[in-house]
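These notes are about the structure you will find just below.
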2 protein chains.
Amino acid sequence: MTDTSEDGRRVRGRRSREAILEQAVSLASVHGLDGLTLGRLATAVGVSKSGFFAHWRDKEQLQLDAIEWAARQWVDEIVRPAFKTPPGVGRVIALHEARLRFYAAEVLPGGCFFFAAQVEFDDRPGPVRERVAKALADWLGLIERVVKEAVDLGELVPDADPAQLAYEIDALGESAITQVRLLGGDAVYDRARRAVRDRLRALTTDPALLPED
Amino acid sequence: MTDTSEDGRRVRGRRSREAILEQAVSLASVHGLDGLTLGRLATAVGVSKSGFFAHWRDKEQLQLDAIEWAARQWVDEIVRPAFKTPPGVGRVIALHEARLRFYAAEVLPGGCFFFAAQVEFDDRPGPVRERVAKALADWLGLIERVVKEAVDLGELVPDADPAQLAYEIDALGESAITQVRLLGGDAVYDRARRAVRDRLRALTTDPALLPED
DNA sequence: GAACTTTAAGACCGATCGGTCGTTCAGGTA
DNA sequence: TACCTGAACGACCGATCGGTCTTAAAGTTC
């Protein structure tokens with residue numbers, strides 16, 4: 001019996017498992033990974049609380065799988081679309097703006113799953129924290145690589161520091177979601193967009209590579 | 001009997017009230033304003049749970065007062081020291097770096113009280129949310145005014161956009177605390193510092209106003 | 001159809017949540 | 001002394017927390 005068999009029981013199980021995970025990520029983006037209680041999740045999905053334990057050993061396992069699910073979503077909705085833009089400055093901008101579009105589209109009711117998870121677990125040791133840290137490191141590493149590509153292609157000046165720029169681009173994108181949710185106003189997204197464009201404009205070898213305001 | 005009387009009972013009450021608030025801000029910086037449970041707080045302060053209700057009607061009132069306390073701390077530890085630097089670009093930098101010093105000094109065990117509160121309450125309606133939103137708006141407004149001062153003094157080019165810069169400076173400072181806590185490494189603070197210096201250097205009328213790297 | 005596996009439900013557990021109650025005690029007033 | 005006020009306590013409340021146990025039902029294998 002292989003993993004790819006079509007055992008009707010396992011198919012059913014996998015479906016409800018995925019339905020639960022999707023709801024879990026949504027709920028966690030609002031209430032946080034800790035505020036994501038089994039009771040809330042159960043009623044939201046329409047499943048009995050004890051039914052969870054057929055799929056996950058305990059809440060922590062559920063949290064870890066929810067992170068995995070959210071990471072996949074992040075790649076699908078942000079990284080992959082942005083990578084349709086060819087390497088270079090354009091791809092750096094595409095990555096940043098794909099993130100802003102993801103926020104603006106309100107894919108998750110709470111705005112940003114990872115942001116909530118980072119703030120929540122940055123000082124609580126354990127596997128969840130480690131997984132969240134890895135997600136952040138991966139994301140920063142990804143930006144850094146895309147920036148480095150642009151440098152290697154000669155589209156950014158050679159002494160542009162990819163790690164430094166990765167920090168700045170992430171920071172300028174991250175703040176948008178909190179400010180939008182707390183203070184409202186579309187101006188925030190414009191500022192986040194403009195900030196990165198201005199920053200890159202100062203470092204690009206050919207201003208024509210950048211879109212106008 | 002005036003408010004300034006020295007009724008020993010009220011003096012005692014005020015002292016324990018302040019001791020509780022201080023602990024509350026510390027705990028909330030770690031566990032969040034919601035994870036700040038009365039039981040945890042009680043044992044941390046060494047007070048019985050029910051004793052709280054002599055001072056606060058309910059948990060929400062305690063949360064609101066904790067925010068007030070944290071706001072005062074923010075002013076005392078960051079704004080006031082930075083304002084010793086005279087108006088201009090120097091004060092803009094002083095404000096940003098005072099914040100980073102506040103983080104680096106680990107004044108609060110959880111890093112940043114307001115950051116945690118913002119992420120937690122950005123989508124939960126109620127007075128706590130409104131108070132947190134006000135705190136953010138005040139902080140952004142403060143940066144904006146300090147930037148505007150620098151423009152008016154001619155230290156920044158006239159078309160520098162204070163609101164835009166306020167967004168960027170806040171974002172570049174905010175990200176530091178999460179990254180430091182989650183990934184560690186002092187390089188993060190250096191990046192946050194350098195980011196703002198570079199940004200201002202591009203807009204200043206006199207490079208001598210800015211410190212070297 | 002019997003044996004077995006997987007998903008899911010219901011009843012229930014001890015712990016903890018925010019909060020109320022009546023009481024005690026220290027400090028101040030008459 | 002008698003009385004009053006404010007701070008703080010222990011006991012207790014219903015609700016909910018994460019989690020366990022037993023059982024039923026659906027699907028697969030022989």
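Labels for the structure tokens follow display order: chains A, B, ..., residues from 1 in each chain, ligands from 1.
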Please, which residues in chain C fall within 8 Å of chain B when counting only C-alpha atoms (C1' of nucleotides), and what is the closest atom pair and distance in Å to one decimal for each, ordered by chain then residue number, as JSON lines?
```
{"residue": "C:DC17", "atom": "C1'", "partner": "B:Thr37", "partner_atom": "CA", "distance": 7.9}
{"residue": "C:DG18", "atom": "C1'", "partner": "B:Lys59", "partner_atom": "CA", "distance": 7.6}
{"residue": "C:DG19", "atom": "C1'", "partner": "B:Asp58", "partner_atom": "CA", "distance": 7.9}
{"residue": "C:DA26", "atom": "C1'", "partner": "B:Arg9", "partner_atom": "CA", "distance": 7.6}
{"residue": "C:DG27", "atom": "C1'", "partner": "B:Arg9", "partner_atom": "CA", "distance": 6.0}
{"residue": "C:DG28", "atom": "C1'", "partner": "B:Asp7", "partner_atom": "CA", "distance": 7.4}
```
How about saving the chosen residues, C-alpha atoms (C1' of nucleotides) kept, as a PDB file, in the first residue's frame?
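Printed below is result_20.pdb as written:
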```
ATOM      1  C1'  DC C  17      -9.653  31.741  32.285  1.00  0.00           C
ATOM      2  C1'  DG C  18     -12.032  36.483  33.752  1.00  0.00           C
ATOM      3  C1'  DG C  19     -14.813  37.842  37.327  1.00  0.00           C
ATOM      4  C1'  DA C  26      -4.870  49.020  58.192  1.00  0.00           C
ATOM      5  C1'  DG C  27      -5.366  53.967  58.262  1.00  0.00           C
ATOM      6  C1'  DG C  28      -7.960  58.077  59.116  1.00  0.00           C
TER       7       DG C  28
END
```
Within 8 Å of chain B, which residues of chain A are there when counting only C-alpha atoms? Please give them as a PDB file with N, CA and C atoms, in the first residue's frame.
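Output below, filename selection-v5.pdb:
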```pdb
ATOM      1  N   VAL A  30      -5.743  36.266  12.415  1.00  0.00           N
ATOM      2  CA  VAL A  30      -6.509  37.222  13.210  1.00  0.00           C
ATOM      3  C   VAL A  30      -6.140  37.136  14.683  1.00  0.00           C
ATOM      4  N   HIS A  31      -6.259  35.927  15.231  1.00  0.00           N
ATOM      5  CA  HIS A  31      -6.102  35.771  16.673  1.00  0.00           C
ATOM      6  C   HIS A  31      -4.698  35.369  17.093  1.00  0.00           C
ATOM      7  N   GLY A  32      -3.839  35.119  16.122  1.00  0.00           N
ATOM      8  CA  GLY A  32      -2.510  34.637  16.450  1.00  0.00           C
ATOM      9  C   GLY A  32      -2.499  33.125  16.568  1.00  0.00           C
ATOM     10  N   GLY A 110      -6.812  38.341   8.693  1.00  0.00           N
ATOM     11  CA  GLY A 110      -6.038  39.045   9.704  1.00  0.00           C
ATOM     12  C   GLY A 110      -4.852  39.784   9.123  1.00  0.00           C
ATOM     13  N   PHE A 115       3.569  37.592  10.144  1.00  0.00           N
ATOM     14  CA  PHE A 115       3.856  38.728  10.981  1.00  0.00           C
ATOM     15  C   PHE A 115       3.337  38.465  12.391  1.00  0.00           C
ATOM     16  N   ALA A 116       2.097  38.014  12.454  1.00  0.00           N
ATOM     17  CA  ALA A 116       1.500  37.708  13.755  1.00  0.00           C
ATOM     18  C   ALA A 116       2.296  36.629  14.473  1.00  0.00           C
ATOM     19  N   GLN A 118       5.437  35.793  14.060  1.00  0.00           N
ATOM     20  CA  GLN A 118       6.762  36.265  14.467  1.00  0.00           C
ATOM     21  C   GLN A 118       6.701  37.026  15.781  1.00  0.00           C
ATOM     22  N   VAL A 119       5.782  37.960  15.845  1.00  0.00           N
ATOM     23  CA  VAL A 119       5.680  38.785  17.042  1.00  0.00           C
ATOM     24  C   VAL A 119       5.302  37.929  18.247  1.00  0.00           C
ATOM     25  N   GLU A 120       4.488  36.937  17.987  1.00  0.00           N
ATOM     26  CA  GLU A 120       3.970  36.114  19.080  1.00  0.00           C
ATOM     27  C   GLU A 120       5.029  35.164  19.640  1.00  0.00           C
ATOM     28  N   ASP A 122       8.460  35.258  19.106  1.00  0.00           N
ATOM     29  CA  ASP A 122       9.866  35.642  19.068  1.00  0.00           C
ATOM     30  C   ASP A 122      10.555  35.423  20.407  1.00  0.00           C
ATOM     31  N   ASP A 123       9.800  35.263  21.455  1.00  0.00           N
ATOM     32  CA  ASP A 123      10.477  34.980  22.728  1.00  0.00           C
ATOM     33  C   ASP A 123       9.868  33.795  23.478  1.00  0.00           C
ATOM     34  N   ARG A 129       8.725  28.383  17.393  1.00  0.00           N
ATOM     35  CA  ARG A 129       9.619  29.528  17.222  1.00  0.00           C
ATOM     36  C   ARG A 129      10.683  29.249  16.166  1.00  0.00           C
ATOM     37  N   ALA A 133      11.205  31.309  12.764  1.00  0.00           N
ATOM     38  CA  ALA A 133      12.488  31.949  12.491  1.00  0.00           C
ATOM     39  C   ALA A 133      13.014  31.515  11.125  1.00  0.00           C
ATOM     40  N   ALA A 137      13.976  33.825   7.957  1.00  0.00           N
ATOM     41  CA  ALA A 137      15.305  33.754   7.367  1.00  0.00           C
ATOM     42  C   ALA A 137      15.217  33.397   5.881  1.00  0.00           C
ATOM     43  N   GLN A 164      21.738  44.218   3.298  1.00  0.00           N
ATOM     44  CA  GLN A 164      21.206  45.495   3.775  1.00  0.00           C
ATOM     45  C   GLN A 164      19.900  45.837   3.057  1.00  0.00           C
ATOM     46  N   TYR A 167      17.002  43.717   4.205  1.00  0.00           N
ATOM     47  CA  TYR A 167      16.438  44.234   5.458  1.00  0.00           C
ATOM     48  C   TYR A 167      15.482  45.383   5.187  1.00  0.00           C
ATOM     49  N   GLU A 168      15.921  46.304   4.372  1.00  0.00           N
ATOM     50  CA  GLU A 168      15.117  47.505   4.127  1.00  0.00           C
ATOM     51  C   GLU A 168      13.817  47.169   3.388  1.00  0.00           C
ATOM     52  N   ALA A 171      11.395  45.398   5.711  1.00  0.00           N
ATOM     53  CA  ALA A 171      10.860  46.332   6.704  1.00  0.00           C
ATOM     54  C   ALA A 171       9.801  47.243   6.088  1.00  0.00           C
ATOM     55  N   LEU A 172      10.102  47.755   4.921  1.00  0.00           N
ATOM     56  CA  LEU A 172       9.179  48.705   4.281  1.00  0.00           C
ATOM     57  C   LEU A 172       7.891  48.031   3.839  1.00  0.00           C
ATOM     58  N   GLU A 174       6.640  45.192   5.456  1.00  0.00           N
ATOM     59  CA  GLU A 174       5.997  44.672   6.656  1.00  0.00           C
ATOM     60  C   GLU A 174       5.167  45.734   7.367  1.00  0.00           C
ATOM     61  N   SER A 175       5.728  46.924   7.469  1.00  0.00           N
ATOM     62  CA  SER A 175       5.016  47.968   8.207  1.00  0.00           C
ATOM     63  C   SER A 175       3.675  48.309   7.577  1.00  0.00           C
ATOM     64  N   THR A 178       0.408  46.562   9.155  1.00  0.00           N
ATOM     65  CA  THR A 178      -0.043  47.053  10.467  1.00  0.00           C
ATOM     66  C   THR A 178      -0.693  48.416  10.338  1.00  0.00           C
ATOM     67  N   ARG A 181      -4.127  48.310   8.663  1.00  0.00           N
ATOM     68  CA  ARG A 181      -5.164  47.702   9.495  1.00  0.00           C
ATOM     69  C   ARG A 181      -5.526  48.602  10.670  1.00  0.00           C
ATOM     70  N   LEU A 182      -4.538  49.317  11.155  1.00  0.00           N
ATOM     71  CA  LEU A 182      -4.774  50.095  12.381  1.00  0.00           C
ATOM     72  C   LEU A 182      -5.232  51.514  12.066  1.00  0.00           C
ATOM     73  N   LEU A 183      -4.685  52.096  11.013  1.00  0.00           N
ATOM     74  CA  LEU A 183      -5.007  53.491  10.723  1.00  0.00           C
ATOM     75  C   LEU A 183      -5.808  53.658   9.442  1.00  0.00           C
ATOM     76  N   ARG A 191       2.993  54.553  -0.063  1.00  0.00           N
ATOM     77  CA  ARG A 191       4.272  54.887   0.583  1.00  0.00           C
ATOM     78  C   ARG A 191       5.224  53.707   0.573  1.00  0.00           C
ATOM     79  N   ALA A 192       4.690  52.541   0.868  1.00  0.00           N
ATOM     80  CA  ALA A 192       5.536  51.345   0.885  1.00  0.00           C
ATOM     81  C   ALA A 192       6.129  51.105  -0.503  1.00  0.00           C
ATOM     82  N   ALA A 195       8.683  53.959  -1.369  1.00  0.00           N
ATOM     83  CA  ALA A 195       9.913  53.865  -0.578  1.00  0.00           C
ATOM     84  C   ALA A 195      10.931  52.960  -1.257  1.00  0.00           C
ATOM     85  N   ARG A 199      14.428  53.964  -3.196  1.00  0.00           N
ATOM     86  CA  ARG A 199      15.674  53.368  -2.712  1.00  0.00           C
ATOM     87  C   ARG A 199      16.452  52.724  -3.852  1.00  0.00           C
TER      88      ARG A 199
END
```
*Write out as a PyMOL selection string each polymer residue whose atoms come within 12 Å of DC30 of chain D, counting only C-alpha atoms (C1' of nucleotides); drop sequence neighbours fewer than 3 positions from it.*
chain C and resi 1-4
Could the residues in this selection be written to a file with C-alpha atoms (C1' of nucleotides), as a PDB file, in the first residue's frame?
```
ATOM      1  C1'  DG C   1     -19.517 -11.818   5.801  1.00  0.00           C
ATOM      2  C1'  DA C   2     -15.549 -11.411   9.314  1.00  0.00           C
ATOM      3  C1'  DA C   3     -11.487  -8.889  10.552  1.00  0.00           C
ATOM      4  C1'  DC C   4      -9.267  -4.785  10.495  1.00  0.00           C
TER       5       DC C   4
END
```
Using only C-alpha atoms (C1' of nucleotides), find each residue of chain B with at least one atom at most 7 Å away from an atom of chain D; report its shortest atom-to-atom pair and that distance in Å (one decimal), sort the rows by chain and rising residue number, and return the result as JSON lines.
```
{"residue": "B:Arg9", "atom": "CA", "partner": "D:DG6", "partner_atom": "C1'", "distance": 6.4}
{"residue": "B:Gly13", "atom": "CA", "partner": "D:DA7", "partner_atom": "C1'", "distance": 6.3}
{"residue": "B:Ser48", "atom": "CA", "partner": "D:DC9", "partner_atom": "C1'", "distance": 6.7}
{"residue": "B:Gly51", "atom": "CA", "partner": "D:DA8", "partner_atom": "C1'", "distance": 5.2}
{"residue": "B:Ala54", "atom": "CA", "partner": "D:DA7", "partner_atom": "C1'", "distance": 6.8}
```
_Could you pull out the helix (DSSP H, G or I) residues of chain A, going by DSSP on the backbone, and write them as a PyMOL selection string?_
chain A and resi 8-35+38-45+49-54+59-82+89-104+113-121+127-152+162-183+187-201+207-209
*Would you mind listing what lies within 12 Å of Arg17 of chain B as a count of residues only, with only C-alpha atoms (C1' of nucleotides) counted and same-chain residues fewer than 3 positions away left out?*
25
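Take atom CA of Leu33 of chain A and atom CA of Pro127 of chain A: the distance between them is 13.1 Å.
Atom CA of Glu77 of chain B lies 11.6 Å from atom CA of Glu97 of chain B.
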*How far is it from atom CA of Leu100 of chain A to atom CA of Ala150 of chain A, in Å with one decimal?*
20.7 Å
*Within 8 Å of Glu144 of chain A, counting only C-alpha atoms (C1' of nucleotides), which residues qualify if same-chain residues fewer than 2 places away don't, as a PyMOL selection string?*
chain A and resi 140-142+146-148+162-163+165-166
*Write out as a PyMOL selection string each polymer residue whose atoms come within 10 Å of Trp74 of chain A, counting only C-alpha atoms (C1' of nucleotides); drop sequence neighbours fewer than 4 positions from it.*
chain A and resi 68-70+78-80+99+102+112-114+139
Suppose we keep C-alpha atoms; can you now write the selection as a PDB file, in the first residue's frame?
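Done, and the output landed in out.pdb:
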```pdb
ATOM      1  CA  GLU A  68       3.824  24.986   6.621  1.00  0.00           C
ATOM      2  CA  TRP A  69       0.516  25.673   4.940  1.00  0.00           C
ATOM      3  CA  ALA A  70       0.973  29.432   5.234  1.00  0.00           C
ATOM      4  CA  ILE A  78       3.755  36.096  -3.779  1.00  0.00           C
ATOM      5  CA  VAL A  79       7.015  34.468  -4.773  1.00  0.00           C
ATOM      6  CA  ARG A  80       5.823  32.515  -7.798  1.00  0.00           C
ATOM      7  CA  ARG A  99       3.561  41.218  -1.202  1.00  0.00           C
ATOM      8  CA  PHE A 102      -1.302  40.090  -1.239  1.00  0.00           C
ATOM      9  CA  CYS A 112      -0.411  38.595   7.612  1.00  0.00           C
ATOM     10  CA  PHE A 113      -0.050  35.217   9.221  1.00  0.00           C
ATOM     11  CA  PHE A 114       3.709  35.288   9.532  1.00  0.00           C
ATOM     12  CA  TRP A 139      12.205  35.152   3.098  1.00  0.00           C
TER      13      TRP A 139
END
```
